[in-house]
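First up is the structure itself, then whatever we jot down about it.
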Amino acid sequence: AQSVTQLGSHVSVSEGALVLLRCNYSSSVPPYLFWYVQYPNQGLQLLLKYTTGATLVKGINGFEAEFKKSETSFHLTKPSAHMSDAAEYFCAVSETDTGRRALTFGSGTRLQVQP
Amino acid sequence: DVKVTQSSRYLVKRTGEKVFLECVQDMDHENMFWYRQDPGLGLRLIYFSYDVKMKEKGDIPEGYSVSREKKERFSLILESASTNQTSMYLCASSLQGAGNSPLHFGNGTRLTVT
């Protein structure tokens, strides 16, 4: 089965600063890749996804992520953090080689935004 | 908008009780999933179902079973609750299999087993 590693369980940035959340996956076959966000007391919602094509994908709320096959990475970025970005972020992969129907999630990164 | 509803937001049960967690989706989705969420471990897949009466084990099925008698409803059953099953349980649904359409999540059920 695939594994997903998110470096840093907590990340703290100042409002207006760059946000960088890291995600690496383990697979010899490029999977489909996703970022989900969970606001307090809510379920997860999709931020963005990569399946094929352009390796830089844009999502909601100004977030984007770049698929780098050589680095097996799919890091999430946002140029300027806003207080409303404070949430927990999960990277996830689907196993295109095995056809497993469910996503595998990383351990999550909690983003704090300081005023 | 897709709505995934989990019947309870908070549940407190005693060790050894049989526990039912209910999930209903209103968008005729084929696929439904149960994950548990624990700090530092992220979401781990317990079971999923790709059709009525069809189910597959996920990564941590031990101590759990599921039921899908109707397309819109997917129930998670703890046959004999134990304290190590204290967790947040998240239900999700999707139109197609993983990656081909987004997962829609409920708000979760926080279960405490004492």
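Chain labels run A, B, ... following the order of the structure tokens; each chain numbers its residues from 1, and ligands are numbered from 1 in the order shown.
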
Requested in this report: Return as a PyMOL selection string the full set of residues in stretch 23-104 of chain A whose backbone-based DSSP assignment is helix (DSSP H, G or I).
Outcome: chain A and resi 60-62+69-71+83-85

Store the residues of this selection in a file with C-alpha atoms, as an mmCIF file, in the first residue's frame.
```cif
data_model
loop_
_atom_site.group_PDB
_atom_site.id
_atom_site.type_symbol
_atom_site.label_atom_id
_atom_site.label_comp_id
_atom_site.auth_asym_id
_atom_site.auth_seq_id
_atom_site.Cartn_x
_atom_site.Cartn_y
_atom_site.Cartn_z
ATOM 1 C CA ILE A 60 -9.485 27.174 -3.733
ATOM 2 C CA ASN A 61 -8.595 30.084 -1.444
ATOM 3 C CA GLY A 62 -5.357 30.903 -3.302
ATOM 4 C CA LYS A 69 7.866 13.191 -9.854
ATOM 5 C CA SER A 70 11.631 13.161 -9.344
ATOM 6 C CA GLU A 71 11.173 14.165 -5.707
ATOM 7 C CA MET A 83 -6.045 34.264 9.467
ATOM 8 C CA SER A 84 -8.862 32.221 7.944
ATOM 9 C CA ASP A 85 -6.307 29.687 6.646
#
```

**Report entry** Exercise: B:His104 partners within 9 Å, only C-alpha atoms, chain neighbours under 5 positions left out, as a PyMOL selection string
**Finding:** (chain A and resi 43-46) or (chain B and resi 2-4+91-94)

Quick one: which chain B residues come within 9 Å of chain A, and what is the nearest atom pair for each with the distance in Å to one decimal, counting only C-alpha atoms, rows ordered by chain and ascending number, as a tab-separated table?
```
residue	atom	partner	partner_atom	distance
B:Asn31	CA	A:Arg101	CA	8.5
B:Phe33	CA	A:Ala102	CA	7.8
B:Asp38	CA	A:Ser107	CA	8.7
B:Pro39	CA	A:Ser107	CA	7.8
B:Gly40	CA	A:Ser107	CA	5.5
B:Leu41	CA	A:Ser107	CA	4.6
B:Gly42	CA	A:Ser107	CA	3.6
B:Leu43	CA	A:Phe105	CA	5.7
B:Arg44	CA	A:Phe105	CA	7.0
B:Leu45	CA	A:Thr104	CA	7.6
B:Phe48	CA	A:Ala102	CA	7.5
B:Tyr50	CA	A:Arg101	CA	8.1
B:Gly58	CA	A:Ala102	CA	8.3
B:Leu90	CA	A:Gly43	CA	7.3
B:Cys91	CA	A:Gly43	CA	8.7
B:Ala92	CA	A:Gly43	CA	8.9
B:Gln96	CA	A:Arg101	CA	8.4
B:Gly97	CA	A:Arg101	CA	4.7
B:Ala98	CA	A:Arg101	CA	4.6
B:Gly99	CA	A:Ser94	CA	5.8
B:Asn100	CA	A:Thr51	CA	8.6
B:Pro102	CA	A:Leu46	CA	6.8
B:Leu103	CA	A:Leu46	CA	7.4
B:His104	CA	A:Gln45	CA	6.8
B:Phe105	CA	A:Gly43	CA	5.2
B:Gly106	CA	A:Gly43	CA	5.3
B:Asn107	CA	A:Gly43	CA	4.2
B:Gly108	CA	A:Gly43	CA	6.2
```

**Report entry** DSSP strand (DSSP E or B) residues within stretch 7-84 of chain A, listed as an NGL selection string
**Finding:** :A and (10-14 or 19-21 or 24-26 or 32-38 or 44-50 or 56-58 or 64-68 or 73-78)

Using only C-alpha atoms, find each residue of stretch 28-80 of chain A with at least one atom at most 9 Å away from an atom of stretch 21-24 of chain A; report its shortest atom-to-atom pair and that distance in Å (one decimal), sort the rows by chain and rising residue number, and return the result as JSON lines.
```
{"residue": "A:Glu71", "atom": "CA", "partner": "A:Asn24", "partner_atom": "CA", "distance": 7.8}
{"residue": "A:Thr72", "atom": "CA", "partner": "A:Asn24", "partner_atom": "CA", "distance": 5.6}
{"residue": "A:Ser73", "atom": "CA", "partner": "A:Asn24", "partner_atom": "CA", "distance": 4.3}
{"residue": "A:Phe74", "atom": "CA", "partner": "A:Cys23", "partner_atom": "CA", "distance": 5.3}
{"residue": "A:His75", "atom": "CA", "partner": "A:Arg22", "partner_atom": "CA", "distance": 4.5}
{"residue": "A:Leu76", "atom": "CA", "partner": "A:Leu21", "partner_atom": "CA", "distance": 5.0}
{"residue": "A:Thr77", "atom": "CA", "partner": "A:Leu21", "partner_atom": "CA", "distance": 6.4}
```

Selected residues written out, C-alpha atoms, as a short mmCIF file (atom, residue, chain, number, x, y, z; two decimals), in the first residue's frame:
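Generated file (selection.cif):
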```
data_model
loop_
_atom_site.label_atom_id
_atom_site.label_comp_id
_atom_site.auth_asym_id
_atom_site.auth_seq_id
_atom_site.Cartn_x
_atom_site.Cartn_y
_atom_site.Cartn_z
CA GLU A 71 11.17 14.16 -5.71
CA THR A 72 7.94 12.18 -5.15
CA SER A 73 6.53 15.35 -3.64
CA PHE A 74 3.35 17.39 -3.77
CA HIS A 75 3.94 20.41 -1.53
CA LEU A 76 1.15 22.90 -0.85
CA THR A 77 1.85 26.63 -0.98
#
```

Query raised in the report: What gap, in Å, lies between atom CA of B:Ile46 and atom CA of A:Ser3?
Result: 15.9 Å

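Atom CA of B:Ser67 is found 23.0 Å from atom CA of B:Ser101.
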
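With only C-alpha atoms as the atoms that count, the residue of A:Glu66, A:Val29, A:Leu7, A:Ala86 with the shortest distance to A:Gly53 is A:Glu66.
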
Query raised in the report: What is the distance, in Å and to one decimal place, between atom CA of B:Ser8 and atom CA of B:Met32?
Result: 17.5 Å

Requested in this report: Identify, on the basis of only C-alpha atoms, every residue whose closest approach to B:Ser87 does not exceed 7 Å; exclude the query and any residue fewer than 2 positions from it along the same chain; express the result as a list of chain:residue names.
Outcome: B:Arg36, B:Gln37, B:Asp38, B:Gln85, B:Tyr89, B:Arg110, B:Leu111, B:Thr112

Next, the residues of the selection above should be written as a PDB file, in the first residue's frame with N, CA and C atoms.
```
ATOM      1  N   ARG B  36     -11.199   6.605  10.668  1.00  0.00           N
ATOM      2  CA  ARG B  36     -11.053   7.152  11.997  1.00  0.00           C
ATOM      3  C   ARG B  36      -9.870   8.123  11.989  1.00  0.00           C
ATOM      4  N   GLN B  37     -10.023   9.188  12.763  1.00  0.00           N
ATOM      5  CA  GLN B  37      -9.020  10.244  12.804  1.00  0.00           C
ATOM      6  C   GLN B  37      -8.457  10.348  14.204  1.00  0.00           C
ATOM      7  N   ASP B  38      -7.158  10.186  14.327  1.00  0.00           N
ATOM      8  CA  ASP B  38      -6.469  10.286  15.607  1.00  0.00           C
ATOM      9  C   ASP B  38      -5.291  11.245  15.477  1.00  0.00           C
ATOM     10  N   GLN B  85     -10.838   2.238  20.996  1.00  0.00           N
ATOM     11  CA  GLN B  85     -11.670   2.706  19.883  1.00  0.00           C
ATOM     12  C   GLN B  85     -12.201   4.116  20.128  1.00  0.00           C
ATOM     13  N   TYR B  89     -14.657   9.606  14.302  1.00  0.00           N
ATOM     14  CA  TYR B  89     -15.003   8.775  13.154  1.00  0.00           C
ATOM     15  C   TYR B  89     -15.607   9.658  12.062  1.00  0.00           C
ATOM     16  N   ARG B 110     -17.544  12.040  17.430  1.00  0.00           N
ATOM     17  CA  ARG B 110     -16.485  11.829  18.421  1.00  0.00           C
ATOM     18  C   ARG B 110     -16.985  10.812  19.428  1.00  0.00           C
ATOM     19  N   LEU B 111     -16.369   9.639  19.414  1.00  0.00           N
ATOM     20  CA  LEU B 111     -16.773   8.532  20.287  1.00  0.00           C
ATOM     21  C   LEU B 111     -15.798   8.400  21.444  1.00  0.00           C
ATOM     22  N   THR B 112     -16.338   8.344  22.634  1.00  0.00           N
ATOM     23  CA  THR B 112     -15.545   8.075  23.835  1.00  0.00           C
ATOM     24  C   THR B 112     -16.037   6.772  24.440  1.00  0.00           C
TER      25      THR B 112
END
```
